[in-house]
Every structure is written in C-alpha cells, then in structure tokens.
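Participant: Here you go, this is run_4.txt (compact mmCIF, C-alpha atoms and all ligand atoms).
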```
# COMPACT_ATOMS: atom_id res chain seq x y z
CA MET V 28 93.59 80.31 68.17
CA LYS V 29 96.89 82.06 68.66
CA LYS V 30 98.42 80.06 65.81
CA ASP V 31 95.37 80.49 63.56
CA ARG V 32 95.47 84.24 64.02
CA ASN V 33 99.28 84.47 63.75
CA ALA V 34 99.14 86.34 67.05
CA ILE V 35 101.77 87.11 69.67
CA ILE V 36 100.84 87.57 73.33
CA LEU V 37 102.91 90.20 75.12
CA ALA V 38 102.50 90.55 78.89
CA HIS V 39 103.74 92.94 81.54
CA TYR V 40 105.01 91.57 84.85
CA TYR V 41 101.99 93.04 86.68
CA GLN V 42 99.57 90.68 84.96
CA ASP V 43 97.98 87.71 86.75
CA ASP V 44 100.24 84.65 86.96
CA ALA V 45 97.97 82.68 84.59
CA ILE V 46 98.25 85.38 81.91
CA GLN V 47 102.04 85.52 82.30
CA ASP V 48 102.10 81.73 81.84
CA CYS V 49 100.25 82.07 78.47
CA ALA V 50 102.47 84.86 77.13
CA ASP V 51 105.06 84.53 74.36
CA PHE V 52 107.05 87.34 75.91
CA ILE V 53 107.02 89.02 79.36
CA GLY V 54 108.89 92.25 79.96
CA ASP V 55 109.05 95.79 81.28
CA SER V 56 107.67 98.72 79.28
CA LEU V 57 110.84 99.22 77.26
CA GLU V 58 111.31 95.54 76.39
CA LEU V 59 107.63 95.24 75.46
CA SER V 60 107.90 98.27 73.15
CA ARG V 61 111.00 96.80 71.53
CA ARG V 62 109.29 93.47 71.08
CA ALA V 63 106.18 95.14 69.64
CA ALA V 64 108.41 97.04 67.20
CA SER V 65 110.13 93.89 65.94
CA THR V 66 107.35 91.28 65.82
CA GLU V 67 106.29 89.65 62.56
CA ALA V 68 102.96 88.52 63.95
CA ASP V 69 99.79 89.96 62.35
CA VAL V 70 98.05 90.38 65.70
CA ILE V 71 99.52 91.71 68.95
CA VAL V 72 97.55 90.81 72.07
CA PHE V 73 98.80 93.22 74.70
CA CYS V 74 98.26 92.04 78.24
CA GLY V 75 99.10 95.25 80.04
CA VAL V 76 97.47 98.66 80.23
CA HIS V 77 96.11 101.01 77.59
CA PHE V 78 99.20 103.18 77.04
CA MET V 79 101.29 100.04 76.43
CA ALA V 80 98.89 98.66 73.80
CA GLU V 81 98.62 102.15 72.29
CA THR V 82 102.42 102.34 71.98
CA ALA V 83 102.36 98.98 70.17
CA LYS V 84 99.72 100.37 67.78
CA ILE V 85 101.73 103.57 67.20
CA LEU V 86 104.67 101.36 66.18
CA ASN V 87 102.51 98.96 64.12
CA PRO V 88 99.67 100.84 62.39
CA GLY V 89 99.07 97.96 59.99
CA LYS V 90 98.65 95.30 62.66
CA THR V 91 95.68 94.51 64.86
CA VAL V 92 96.51 95.33 68.49
CA LEU V 93 94.13 93.85 71.06
CA LEU V 94 93.83 94.76 74.75
CA PRO V 95 91.75 92.22 76.72
CA ASP V 96 90.02 95.03 78.67
CA LEU V 97 89.94 98.48 77.07
CA GLU V 98 89.26 100.03 80.50
CA ALA V 99 92.73 99.00 81.73
CA GLY V 100 94.10 102.53 82.10
CA CYS V 101 96.79 104.04 84.31
CA SER V 102 96.57 106.72 87.01
CA LEU V 103 99.64 108.45 85.55
CA ALA V 104 98.13 108.72 82.07
CA ASP V 105 94.83 109.92 83.62
CA ALA V 106 96.70 112.58 85.63
CA CYS V 107 97.95 114.26 82.46
CA PRO V 108 95.16 115.38 80.10
CA ALA V 109 96.42 116.48 76.68
CA GLU V 110 94.99 120.03 76.84
CA ALA V 111 96.39 120.81 80.29
CA PHE V 112 99.70 119.39 79.11
CA ALA V 113 99.65 121.71 76.08
CA ASP V 114 99.24 124.67 78.51
CA PHE V 115 102.16 123.41 80.60
CA ARG V 116 104.34 123.29 77.47
CA ARG V 117 103.23 126.76 76.39
CA ARG V 118 104.33 128.12 79.77
CA HIS V 119 107.81 126.62 79.22
CA PRO V 120 108.49 127.22 75.52
CA ASP V 121 112.26 126.75 75.55
CA HIS V 122 112.20 123.39 77.38
CA ILE V 123 112.89 119.91 76.01
CA VAL V 124 109.78 117.84 76.76
CA VAL V 125 110.52 114.36 78.12
CA SER V 126 107.46 112.20 78.81
CA TYR V 127 107.34 108.91 80.64
CA ILE V 128 105.79 106.23 78.41
CA ASN V 129 102.90 106.03 80.95
CA CYS V 130 100.89 108.74 79.13
CA SER V 131 98.37 108.96 76.29
CA ALA V 132 99.25 109.09 72.59
CA ALA V 133 98.01 112.72 72.58
CA VAL V 134 100.64 113.62 75.22
CA LYS V 135 103.33 111.61 73.43
CA ALA V 136 102.47 113.57 70.28
CA GLN V 137 103.44 116.79 72.13
CA SER V 138 106.73 115.39 73.48
CA ASP V 139 110.30 115.54 72.20
CA LEU V 140 111.38 112.29 73.82
CA ILE V 141 109.68 109.32 75.50
CA CYS V 142 111.39 107.38 78.27
CA THR V 143 110.62 104.39 80.48
CA SER V 144 111.76 103.75 84.03
CA SER V 145 114.62 101.61 82.72
CA ASN V 146 116.18 104.19 80.37
CA ALA V 147 115.09 107.59 81.78
CA VAL V 148 118.40 108.42 83.51
CA HIS V 149 120.45 107.26 80.51
CA LEU V 150 118.34 109.39 78.11
CA VAL V 151 118.24 112.56 80.25
CA ARG V 152 122.04 112.44 80.61
CA GLN V 153 122.29 112.63 76.80
CA LEU V 154 120.27 115.88 76.52
CA PRO V 155 122.13 119.15 75.83
CA ALA V 156 123.32 120.66 79.14
CA ASP V 157 122.23 124.20 78.18
CA ARG V 158 118.56 123.30 77.62
CA PRO V 159 116.00 123.17 80.46
CA ILE V 160 113.82 120.05 80.66
CA LEU V 161 110.13 119.38 81.38
CA PHE V 162 109.37 115.94 82.74
CA ALA V 163 105.85 114.42 82.83
CA PRO V 164 103.74 112.86 84.19
CA ASP V 165 105.40 111.03 87.14
CA GLN V 166 106.88 113.42 89.70
CA ASN V 167 108.38 110.59 91.79
CA LEU V 168 110.24 109.10 88.84
CA GLY V 169 111.19 112.63 87.77
CA ARG V 170 112.73 113.48 91.16
CA TRP V 171 114.75 110.27 91.08
CA VAL V 172 115.92 110.94 87.49
CA ALA V 173 116.94 114.48 88.49
CA ARG V 174 118.99 113.16 91.41
CA GLU V 175 120.65 110.43 89.33
CA SER V 176 121.36 112.54 86.24
CA GLY V 177 122.30 115.76 88.05
CA ARG V 178 119.85 117.67 85.79
CA GLU V 179 117.17 120.04 87.00
CA LEU V 180 113.73 118.92 85.79
CA THR V 181 110.48 120.86 85.88
CA LEU V 182 107.96 118.24 86.96
CA TRP V 183 104.34 117.57 86.10
CA PRO V 184 102.60 116.69 89.41
CA GLY V 185 101.34 113.16 88.56
CA SER V 186 101.87 109.94 90.49
CA CYS V 187 101.04 106.25 90.44
CA ILE V 188 98.28 105.31 92.89
CA VAL V 189 99.90 101.89 93.40
CA HIS V 190 103.44 103.03 94.16
CA GLU V 191 102.18 105.81 96.44
CA THR V 192 100.38 103.31 98.63
CA PHE V 193 103.29 101.50 100.29
CA SER V 194 103.51 101.95 104.05
CA GLU V 195 106.84 103.26 105.36
CA GLN V 196 106.02 101.85 108.78
CA ALA V 197 105.47 98.36 107.35
CA LEU V 198 108.72 98.65 105.38
CA LEU V 199 110.69 99.64 108.50
CA GLN V 200 109.10 96.75 110.42
CA LEU V 201 110.04 94.27 107.65
CA ARG V 202 113.61 95.60 107.66
CA LEU V 203 113.84 95.09 111.44
CA GLU V 204 112.48 91.54 111.17
CA HIS V 205 114.68 90.62 108.17
CA PRO V 206 117.96 92.55 108.44
CA GLU V 207 119.55 90.23 105.83
CA ALA V 208 117.01 91.26 103.17
CA GLU V 209 117.80 93.76 100.42
CA VAL V 210 115.18 96.46 99.85
CA ILE V 211 114.50 96.84 96.11
CA ALA V 212 112.17 99.53 94.76
CA HIS V 213 110.60 100.82 91.56
CA PRO V 214 111.41 104.53 90.94
CA GLU V 215 107.68 105.37 90.89
CA CYS V 216 107.79 105.07 94.72
CA GLN V 217 107.87 108.23 96.81
CA GLN V 218 111.27 109.63 97.75
CA HIS V 219 111.05 108.77 101.47
CA LEU V 220 110.72 105.10 100.45
CA LEU V 221 113.40 105.28 97.75
CA ASP V 222 115.72 106.71 100.42
CA LEU V 223 115.34 103.39 102.29
CA ALA V 224 116.05 101.24 99.21
CA ASP V 225 119.32 99.39 98.53
CA PHE V 226 118.53 99.11 94.82
CA ILE V 227 116.18 101.07 92.52
CA GLY V 228 115.15 100.05 89.01
CA SER V 229 112.45 99.17 86.49
CA THR V 230 110.52 95.91 86.86
CA SER V 231 113.05 94.01 84.70
CA LYS V 232 115.97 95.47 86.62
CA LEU V 233 114.37 94.45 89.93
CA LEU V 234 113.86 90.95 88.57
CA GLN V 235 117.51 90.76 87.45
CA ARG V 236 118.63 92.06 90.84
CA THR V 237 116.94 89.15 92.65
CA GLU V 238 118.95 86.81 90.41
CA THR V 239 122.33 88.52 90.60
CA SER V 240 122.50 89.84 94.18
CA ALA V 241 124.00 87.58 96.82
CA ALA V 242 121.25 88.55 99.29
CA PRO V 243 119.10 85.58 100.41
CA SER V 244 115.90 87.65 100.58
CA PHE V 245 114.28 90.81 99.22
CA ILE V 246 111.70 93.32 100.38
CA VAL V 247 109.99 94.29 97.13
CA LEU V 248 108.52 97.78 96.68
CA THR V 249 106.52 97.39 93.50
CA GLU V 250 103.35 95.72 92.24
CA PRO V 251 103.33 92.09 93.49
CA GLY V 252 102.69 90.60 90.01
CA ILE V 253 106.48 90.70 89.53
CA LEU V 254 106.93 88.11 92.32
CA HIS V 255 105.75 85.34 89.95
CA GLN V 256 108.84 85.64 87.72
CA MET V 257 111.12 86.34 90.71
CA ARG V 258 110.01 83.05 92.32
CA ARG V 259 110.49 81.23 89.03
CA ARG V 260 113.97 82.54 88.36
CA SER V 261 115.24 82.47 91.97
CA PRO V 262 113.33 79.67 93.70
CA GLY V 263 115.72 79.58 96.67
CA LYS V 264 115.21 83.24 97.60
CA THR V 265 112.62 84.68 99.98
CA LEU V 266 110.48 87.60 98.87
CA TYR V 267 108.49 89.98 101.06
CA GLU V 268 105.71 92.23 99.72
CA VAL V 269 105.14 95.59 101.37
CA PRO V 270 101.46 96.24 102.13
CA GLY V 271 99.56 99.50 101.63
CA ALA V 272 99.27 102.10 104.42
CA ASP V 273 96.20 100.49 106.07
CA GLY V 274 97.42 96.95 105.55
CA CYS V 275 95.23 96.83 102.43
CA SER V 276 96.15 95.02 99.21
CA CYS V 277 95.92 98.19 97.10
CA ASN V 278 99.54 97.50 96.07
CA ALA V 279 97.94 95.42 93.25
CA CYS V 280 97.36 97.66 90.20
CA PRO V 281 93.58 97.84 89.72
CA TYR V 282 94.03 98.65 86.02
CA MET V 283 96.45 95.83 85.17
CA ARG V 284 94.23 93.38 87.04
CA LEU V 285 91.21 94.19 84.85
CA ASN V 286 92.71 91.80 82.29
CA THR V 287 91.80 88.20 83.05
CA LEU V 288 92.48 84.85 81.39
CA GLU V 289 88.84 84.73 80.22
CA LYS V 290 89.07 88.19 78.63
CA LEU V 291 92.33 87.19 76.96
CA TRP V 292 90.62 84.14 75.41
CA GLN V 293 87.58 86.23 74.47
CA CYS V 294 89.57 88.95 72.72
CA LEU V 295 91.46 86.42 70.60
CA HIS V 296 88.16 84.74 69.79
CA THR V 297 86.33 87.94 68.75
CA MET V 298 89.38 90.00 67.70
CA ALA V 299 88.09 92.82 69.90
CA PRO V 300 88.59 95.22 71.58
CA ALA V 301 91.19 96.55 69.14
CA LEU V 302 93.15 99.79 69.51
CA GLU V 303 92.24 102.58 67.08
CA LEU V 304 94.21 105.80 66.76
CA ASP V 305 93.91 109.11 64.98
CA GLU V 306 96.54 108.90 62.20
CA GLN V 307 97.88 112.44 62.73
CA ILE V 308 98.38 111.84 66.46
CA ARG V 309 99.94 108.44 65.74
CA GLN V 310 102.49 109.92 63.35
CA ARG V 311 103.43 112.70 65.81
CA ALA V 312 103.63 110.27 68.74
CA LEU V 313 105.85 107.92 66.74
CA VAL V 314 108.69 110.48 66.48
CA PRO V 315 109.62 110.67 70.22
CA ILE V 316 109.12 106.90 70.63
CA GLU V 317 111.52 106.14 67.78
CA ARG V 318 113.94 108.68 69.24
CA MET V 319 113.79 106.80 72.55
CA LEU V 320 114.42 103.44 70.86
CA ALA V 321 117.40 104.87 68.98
CA MET V 322 118.89 106.67 72.02
CA SER V 323 118.52 103.71 74.37
CA ALA V 324 119.95 101.14 71.97
P1 LIG V 401 108.23 99.30 83.97
O1 LIG V 401 108.76 100.24 82.96
O2 LIG V 401 109.22 99.01 85.06
O3 LIG V 401 107.69 98.09 83.35
O4 LIG V 401 107.03 100.01 84.75
C1 LIG V 401 105.78 100.20 84.18
C2 LIG V 401 104.78 100.59 85.18
O5 LIG V 401 103.67 100.92 84.85
C3 LIG V 401 105.18 100.60 86.56
O6 LIG V 401 104.11 100.93 87.36
FE1 LIG V 402 99.94 102.92 85.98
FE2 LIG V 402 100.77 102.58 88.48
FE3 LIG V 402 99.32 100.67 87.34
FE4 LIG V 402 101.87 101.11 86.53
S1 LIG V 402 101.17 100.35 88.53
S2 LIG V 402 100.08 100.81 85.21
S3 LIG V 402 101.98 103.34 86.77
S4 LIG V 402 98.63 102.77 87.82
```
As structure tokens, please, write out the structure in this file.

Facilitator:
Amino acid sequence: MKKDRNAIILAHYYQDDAIQDCADFIGDSLELSRRAASTEADVIVFCGVHFMAETAKILNPGKTVLLPDLEAGCSLADACPAEAFADFRRRHPDHIVVSYINCSAAVKAQSDLICTSSNAVHLVRQLPADRPILFAPDQNLGRWVARESGRELTLWPGSCIVHETFSEQALLQLRLEHPEAEVIAHPECQQHLLDLADFIGSTSKLLQRTETSAAPSFIVLTEPGILHQMRRRSPGKTLYEVPGADGCSCNACPYMRLNTLEKLWQCLHTMAPALELDEQIRQRALVPIERMLAMSA
C-alpha cells in the first residue's frame, strides 16, 4: 500500500516499537520537519502527534498528510490557546516571539521564530541582544534555554504532562543503585531533575549520547519509546527508565500512544484522517518555520 500510494512513513521516537519498525524515517521533531520538507513522496503518514503532522502540512500544502489518530494531541499545544497567546503578545509588544514547535498552527502563525528542543539554544543565541524575548509554551524548556543562552526569557506557563511526572526520589534511588550510570534528560523535564542530569538534549541527542558516551549504563529521563532505538544502536548498554511519582507508567505519552499499528494500516487504506489547514494561517505559520530551518542549518 505504501508503494501504491507513493507514501513515506515518518515516526517519532515515542511511537510504539512496531510503528518505529515500519517507518521509513525515525527522528526528533527537527529531523522530522526537515525530512517532511524534503520528501518527494505524494503522501506523508506522520506517526507522531498533531502539531508534528500539522507542521508537515504547513511545509507541504500540496501533499496529503495523514495522522493515524487525529486525537493525538500534546499537553503543551493544549496549554497555549491562540487567543490567550494573542493577549500575551499584546502585553509584550516589543518582544521577539519564539515558540517551541509543540504548539498549534494558529500559535505558530503569531510567532517570529519556531524552535525545537534540539536547536532552541542555538537559535536564541542568534537573536539581537537588545531585544527582549517571549518564549512559549514550555516553561521548563524555556528556563533551560535561558540558562544555556544567558538570555532573559519571558515564559508562557505551559508544561509537558509526561516530563513533569518523573519522580525525583526514584531517580535518586536509581543513582544510588547504579553509580556508574549516566543520567540523561530531555529539557522538558523540571529544573530540579535537570539539575541532577549529566547530559541534557533532544530525543536524537539523547540517543546519540548513549552511542558516544563511554558510560556502560544510562538512567533515561524521557518518554520510554526512545529506548527501542537506544537498545538497537547500543545493544551492550544497560538502560533504566525512571517511573512516575506514584510508581505509575504515566511516563508513556498518552497522545503519542493513541497511534497504533492497526490505525497506521487503516489510514493508509482509507487515506484518512488527513490534515486540513486554513490557508491564511498556513502561510503565516510557514514564515517562522522556514526561518527556523534556515537559522539551524
Ligand atoms: P524532540 O524535539 O526531542 O523530538 O521532542 C519532542 C517532544 O514532544 C518531546 O516531548
Ligand atoms: Fe507533548 Fe509531552 Fe507528549 Fe511530547 S511527550 S508530545 S511534549 S505531551
């Protein structure tokens, strides 16, 4: 079916192992956007969440972009409604508006620059030093970017429900039991956890770290879907997941996990659900995304 449709399957690392195994390309948000921008396929099947598929559609208005489950949202995008965001901007008229890619097209359309967790520090460092900056919607990522770039950022108070769930007590216990392990964390984690990390980076950077670091084992503070590729690429290394605060498994992203292998098959079969976008919003949202791609090249 994939061949018949001239389709490409893009998957984020937080997808089920079986979906990752079907994908033509697996990556972090930035790599997936780049791949979506350069593909020659007629159909993009985006195994990720809504804002990721929407970004692919913004970049490819003439292509069909399918998302196996249209309900696969993101708590960060939900935390930043477009109208409230417009008010926030109005209250800070002289600021450069930098938005994390985890937001809706309507918020992107109101932004000067989009960033992902892998390029945010690099992009913020390039902004004129005499201009104040608004950063939305992830306050945890924003605090980390501010520390790393030395810039003051006015933050929108959003957060990721998955990365806010990790238990500090469980992390400290794992560190005591495995003193040889390196603690690696996604910057969406809260600051008190990032303070305990040896390495911080996007999903792709965490994956690379498990390959390049000499450490024999890693305590991984991000969604456990990433462990599939870590195990593949570094079979000799030991990986420890950090549970949620009540020992729950809410460290699995409930939105990402709405996509299943059956829904992937079904959407290719029926060519639905497909992303649709208001053309005016799409054109305005394209500007800060293209700026990001150019500035992070
Ligand atoms: P990456 O940019 O690292 O892929 O992160 C996306 C995301 O949603 C993390 O929760
Ligand atoms: Fe959104 Fe968090 Fe899920 Fe990433 S892990 S898609 S930020 S809810």

Participant: Could you give me, as JSON lines, every chain V residue with an atom at most 7 Å from ligand LIG 402 (chain V), plus its closest atom pair and distance in Å to one decimal, counting all atoms listed in the file, rows ordered by chain then number?

Facilitator:
```
{"residue": "V:Val76", "atom": "CA", "partner": "V:LIG402", "partner_atom": "S2", "distance": 6.0}
{"residue": "V:Gly100", "atom": "CA", "partner": "V:LIG402", "partner_atom": "S2", "distance": 7.0}
{"residue": "V:Cys101", "atom": "CA", "partner": "V:LIG402", "partner_atom": "FE1", "distance": 3.7}
{"residue": "V:Ser102", "atom": "CA", "partner": "V:LIG402", "partner_atom": "S4", "distance": 4.5}
{"residue": "V:Leu103", "atom": "CA", "partner": "V:LIG402", "partner_atom": "FE1", "distance": 5.6}
{"residue": "V:Asn129", "atom": "CA", "partner": "V:LIG402", "partner_atom": "S3", "distance": 6.5}
{"residue": "V:Cys187", "atom": "CA", "partner": "V:LIG402", "partner_atom": "FE2", "distance": 4.2}
{"residue": "V:Ile188", "atom": "CA", "partner": "V:LIG402", "partner_atom": "S4", "distance": 5.7}
{"residue": "V:Val189", "atom": "CA", "partner": "V:LIG402", "partner_atom": "FE2", "distance": 5.0}
{"residue": "V:His190", "atom": "CA", "partner": "V:LIG402", "partner_atom": "FE2", "distance": 6.3}
{"residue": "V:Glu250", "atom": "CA", "partner": "V:LIG402", "partner_atom": "S1", "distance": 6.3}
{"residue": "V:Cys280", "atom": "CA", "partner": "V:LIG402", "partner_atom": "FE3", "distance": 4.6}
{"residue": "V:Pro281", "atom": "CA", "partner": "V:LIG402", "partner_atom": "FE3", "distance": 6.8}
{"residue": "V:Tyr282", "atom": "CA", "partner": "V:LIG402", "partner_atom": "FE3", "distance": 5.8}
{"residue": "V:Met283", "atom": "CA", "partner": "V:LIG402", "partner_atom": "FE3", "distance": 6.0}
```

Participant: Take the residues from that selection and put them in a file with C-alpha atoms, as a short mmCIF file (atom, residue, chain, number, x, y, z; two decimals), keeping the file's coordinate frame.

Facilitator:
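Dumped everything to part.cif:
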```cif
data_model
loop_
_atom_site.label_atom_id
_atom_site.label_comp_id
_atom_site.auth_asym_id
_atom_site.auth_seq_id
_atom_site.Cartn_x
_atom_site.Cartn_y
_atom_site.Cartn_z
CA VAL V 76 97.47 98.66 80.23
CA GLY V 100 94.10 102.53 82.10
CA CYS V 101 96.79 104.04 84.31
CA SER V 102 96.57 106.72 87.01
CA LEU V 103 99.64 108.45 85.55
CA ASN V 129 102.90 106.03 80.95
CA CYS V 187 101.04 106.25 90.44
CA ILE V 188 98.28 105.31 92.89
CA VAL V 189 99.90 101.89 93.40
CA HIS V 190 103.44 103.03 94.16
CA GLU V 250 103.35 95.72 92.24
CA CYS V 280 97.36 97.66 90.20
CA PRO V 281 93.58 97.84 89.72
CA TYR V 282 94.03 98.65 86.02
CA MET V 283 96.45 95.83 85.17
#
```

Participant: Quick one: of V:Ala99, V:Ala80, V:Val92, V:Ile316, who's nearest to Leu295 (chain V), counting only C-alpha atoms?

Facilitator: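 Of all the options, V:Val92 lies closest to Leu295 (chain V).
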
Participant: Collect all residues with atoms no farther than 7 Å from ligand LIG 401 (chain V), counting all atoms listed in the file, and output them as a count of residues only.

Facilitator: 15

Participant: Would you write out, as CSV, a table of all residues in region 89-133 of chain V that have an atom no more than 12 Å from an atom of region 163-174 of chain V, listing for each the closest atom pair and the distance in Å to one decimal, considering all atoms listed in the file and ordering rows by chain and rising residue number?

Facilitator:
```
residue,atom,partner,partner_atom,distance
V:Cys101,CA,V:Pro164,CA,11.2
V:Ser102,CA,V:Asp165,CA,9.8
V:Leu103,CA,V:Pro164,CA,6.2
V:Ala104,CA,V:Pro164,CA,7.3
V:Asp105,CA,V:Pro164,CA,9.4
V:Ala106,CA,V:Pro164,CA,7.2
V:Cys107,CA,V:Pro164,CA,6.2
V:Pro108,CA,V:Pro164,CA,9.8
V:Ala109,CA,V:Pro164,CA,11.1
V:Ala111,CA,V:Pro164,CA,11.5
V:Phe112,CA,V:Ala163,CA,8.7
V:Ala113,CA,V:Ala163,CA,11.7
V:Phe115,CA,V:Ala163,CA,10.0
V:Arg116,CA,V:Ala163,CA,10.5
V:Ile123,CA,V:Ala163,CA,11.2
V:Val124,CA,V:Ala163,CA,8.0
V:Val125,CA,V:Ala163,CA,6.6
V:Ser126,CA,V:Ala163,CA,4.9
V:Tyr127,CA,V:Ala163,CA,6.1
V:Ile128,CA,V:Pro164,CA,9.0
V:Asn129,CA,V:Pro164,CA,7.6
V:Cys130,CA,V:Pro164,CA,7.1
V:Ser131,CA,V:Pro164,CA,10.3
```

Participant: With only C-alpha atoms as the atoms that count, which of V:Ala242, V:Val314, V:Val134, V:Leu180 lies nearest to Pro206 (chain V)?

Facilitator: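 Of V:Ala242, V:Val314, V:Val134, V:Leu180, the one nearest Pro206 (chain V) is V:Ala242, counting only C-alpha atoms.
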
Participant: Please report the interatomic distance between CA of Glu58 (chain V) and CA of Asn278 (chain V) in Å with one decimal.

Facilitator: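 CA of Asn278 (chain V) lies 23.0 Å from CA of Glu58 (chain V).
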
Participant: Taking only C-alpha atoms into account, name the residue in V:Gly185, V:Pro95, V:Pro88, V:Gly75 that is nearest to Ala299 (chain V).

Facilitator: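 For Ala299 (chain V), the nearest of the candidates is V:Pro95.
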
Participant: Using all atoms listed in the file, pick whichever of V:Leu140, V:Ile160, V:Ile36, V:Leu291 has the shortest atom-to-atom distance to Glu317 (chain V).

Facilitator: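 Closest to Glu317 (chain V) of all the choices is V:Leu140.
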
Participant: What box, with edges along x, y and z, holds each listed atom of region 122-128 of chain V when 8 Å is added on every side, and can you state its centre and edge lengths in Å to one decimal, as lines of an AutoDock Vina configuration file?

Facilitator:
```
center_x = 109.3
center_y = 114.8
center_z = 78.3
size_x = 23.1
size_y = 33.2
size_z = 20.6
```

Participant: To one decimal in Å, tell me the separation between CA of Val70 (chain V) and CA of His296 (chain V).

Facilitator: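 Value for the CA of Val70 (chain V)-CA of His296 (chain V) distance: 12.1 Å.
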
Participant: Could you jot down the CA of Leu302 (chain V) to CA of Met28 (chain V) separation for me, Å, one decimal place?

Facilitator: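 Separation between CA of Leu302 (chain V) and CA of Met28 (chain V): 19.5 Å.
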
Participant: Using all atoms listed in the file, find the one residue out of V:Arg118, V:Arg259, V:His219, V:Lys290 that sits nearest to Phe73 (chain V).

Facilitator: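 Under the stated criterion, the closest residue is V:Lys290.
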
Participant: With all atoms listed in the file as the basis for distance, which of V:Gly89, V:Gly274, V:Pro155, V:Pro300 is at the shortest distance from His122 (chain V)?

Facilitator: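 Going through V:Gly89, V:Gly274, V:Pro155, V:Pro300 one by one, the smallest distance to His122 (chain V) is for V:Pro155.
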
Participant: Neighbouring residues of Ala136 (chain V) were defined as those with any atom within 6 Å, considering all atoms listed in the file; residues of the same chain fewer than 5 positions away were excluded. Please report them as a ChimeraX atom specification.

Facilitator: /V:308,311-312

Participant: Near Ala64 (chain V), within 9 Å and counting only C-alpha atoms, which residues show up once chain neighbours fewer than 2 positions away are dropped, as an MDAnalysis selection string?

Facilitator: chainID V and resid 59:62 66:67 83 86:87

Participant: Produce region 157-170 of chain V of the given structure as output with N, CA, C and O atoms, as a PDB file, in the first residue's frame.

Facilitator:
```
ATOM      1  N   ASP V 157      19.704  43.285  22.097  1.00  0.00           N
ATOM      2  CA  ASP V 157      18.958  44.421  22.672  1.00  0.00           C
ATOM      3  C   ASP V 157      17.435  44.217  22.606  1.00  0.00           C
ATOM      4  O   ASP V 157      16.683  45.116  22.952  1.00  0.00           O
ATOM      5  N   ARG V 158      16.992  43.035  22.161  1.00  0.00           N
ATOM      6  CA  ARG V 158      15.546  42.807  22.069  1.00  0.00           C
ATOM      7  C   ARG V 158      15.106  41.793  23.126  1.00  0.00           C
ATOM      8  O   ARG V 158      15.699  40.713  23.247  1.00  0.00           O
ATOM      9  N   PRO V 159      14.041  42.100  23.898  1.00  0.00           N
ATOM     10  CA  PRO V 159      13.529  41.105  24.846  1.00  0.00           C
ATOM     11  C   PRO V 159      12.807  39.974  24.106  1.00  0.00           C
ATOM     12  O   PRO V 159      12.367  40.153  22.965  1.00  0.00           O
ATOM     13  N   ILE V 160      12.706  38.822  24.769  1.00  0.00           N
ATOM     14  CA  ILE V 160      12.186  37.623  24.091  1.00  0.00           C
ATOM     15  C   ILE V 160      11.038  37.001  24.893  1.00  0.00           C
ATOM     16  O   ILE V 160      11.145  36.818  26.108  1.00  0.00           O
ATOM     17  N   LEU V 161       9.962  36.638  24.187  1.00  0.00           N
ATOM     18  CA  LEU V 161       8.895  35.807  24.765  1.00  0.00           C
ATOM     19  C   LEU V 161       9.167  34.381  24.334  1.00  0.00           C
ATOM     20  O   LEU V 161       9.536  34.150  23.180  1.00  0.00           O
ATOM     21  N   PHE V 162       8.945  33.446  25.256  1.00  0.00           N
ATOM     22  CA  PHE V 162       9.151  32.041  24.906  1.00  0.00           C
ATOM     23  C   PHE V 162       7.918  31.241  25.339  1.00  0.00           C
ATOM     24  O   PHE V 162       7.507  31.288  26.494  1.00  0.00           O
ATOM     25  N   ALA V 163       7.336  30.483  24.391  1.00  0.00           N
ATOM     26  CA  ALA V 163       6.127  29.691  24.682  1.00  0.00           C
ATOM     27  C   ALA V 163       6.218  28.360  23.937  1.00  0.00           C
ATOM     28  O   ALA V 163       6.936  28.263  22.949  1.00  0.00           O
ATOM     29  N   PRO V 164       5.445  27.323  24.328  1.00  0.00           N
ATOM     30  CA  PRO V 164       4.653  27.282  25.558  1.00  0.00           C
ATOM     31  C   PRO V 164       5.321  26.499  26.689  1.00  0.00           C
ATOM     32  O   PRO V 164       4.697  26.378  27.745  1.00  0.00           O
ATOM     33  N   ASP V 165       6.553  25.989  26.533  1.00  0.00           N
ATOM     34  CA  ASP V 165       7.106  25.122  27.590  1.00  0.00           C
ATOM     35  C   ASP V 165       8.025  25.903  28.533  1.00  0.00           C
ATOM     36  O   ASP V 165       9.161  26.240  28.179  1.00  0.00           O
ATOM     37  N   GLN V 166       7.557  26.110  29.764  1.00  0.00           N
ATOM     38  CA  GLN V 166       8.359  26.883  30.717  1.00  0.00           C
ATOM     39  C   GLN V 166       9.617  26.127  31.169  1.00  0.00           C
ATOM     40  O   GLN V 166      10.637  26.755  31.467  1.00  0.00           O
ATOM     41  N   ASN V 167       9.569  24.793  31.180  1.00  0.00           N
ATOM     42  CA  ASN V 167      10.765  24.041  31.612  1.00  0.00           C
ATOM     43  C   ASN V 167      11.875  24.149  30.568  1.00  0.00           C
ATOM     44  O   ASN V 167      13.025  24.456  30.882  1.00  0.00           O
ATOM     45  N   LEU V 168      11.492  23.931  29.309  1.00  0.00           N
ATOM     46  CA  LEU V 168      12.460  24.113  28.221  1.00  0.00           C
ATOM     47  C   LEU V 168      12.967  25.558  28.219  1.00  0.00           C
ATOM     48  O   LEU V 168      14.170  25.816  28.078  1.00  0.00           O
ATOM     49  N   GLY V 169      12.039  26.502  28.396  1.00  0.00           N
ATOM     50  CA  GLY V 169      12.402  27.922  28.370  1.00  0.00           C
ATOM     51  C   GLY V 169      13.429  28.270  29.442  1.00  0.00           C
ATOM     52  O   GLY V 169      14.391  28.996  29.171  1.00  0.00           O
ATOM     53  N   ARG V 170      13.227  27.745  30.657  1.00  0.00           N
ATOM     54  CA  ARG V 170      14.189  28.031  31.748  1.00  0.00           C
ATOM     55  C   ARG V 170      15.574  27.479  31.398  1.00  0.00           C
ATOM     56  O   ARG V 170      16.588  28.105  31.642  1.00  0.00           O
TER      57      ARG V 170
END
```
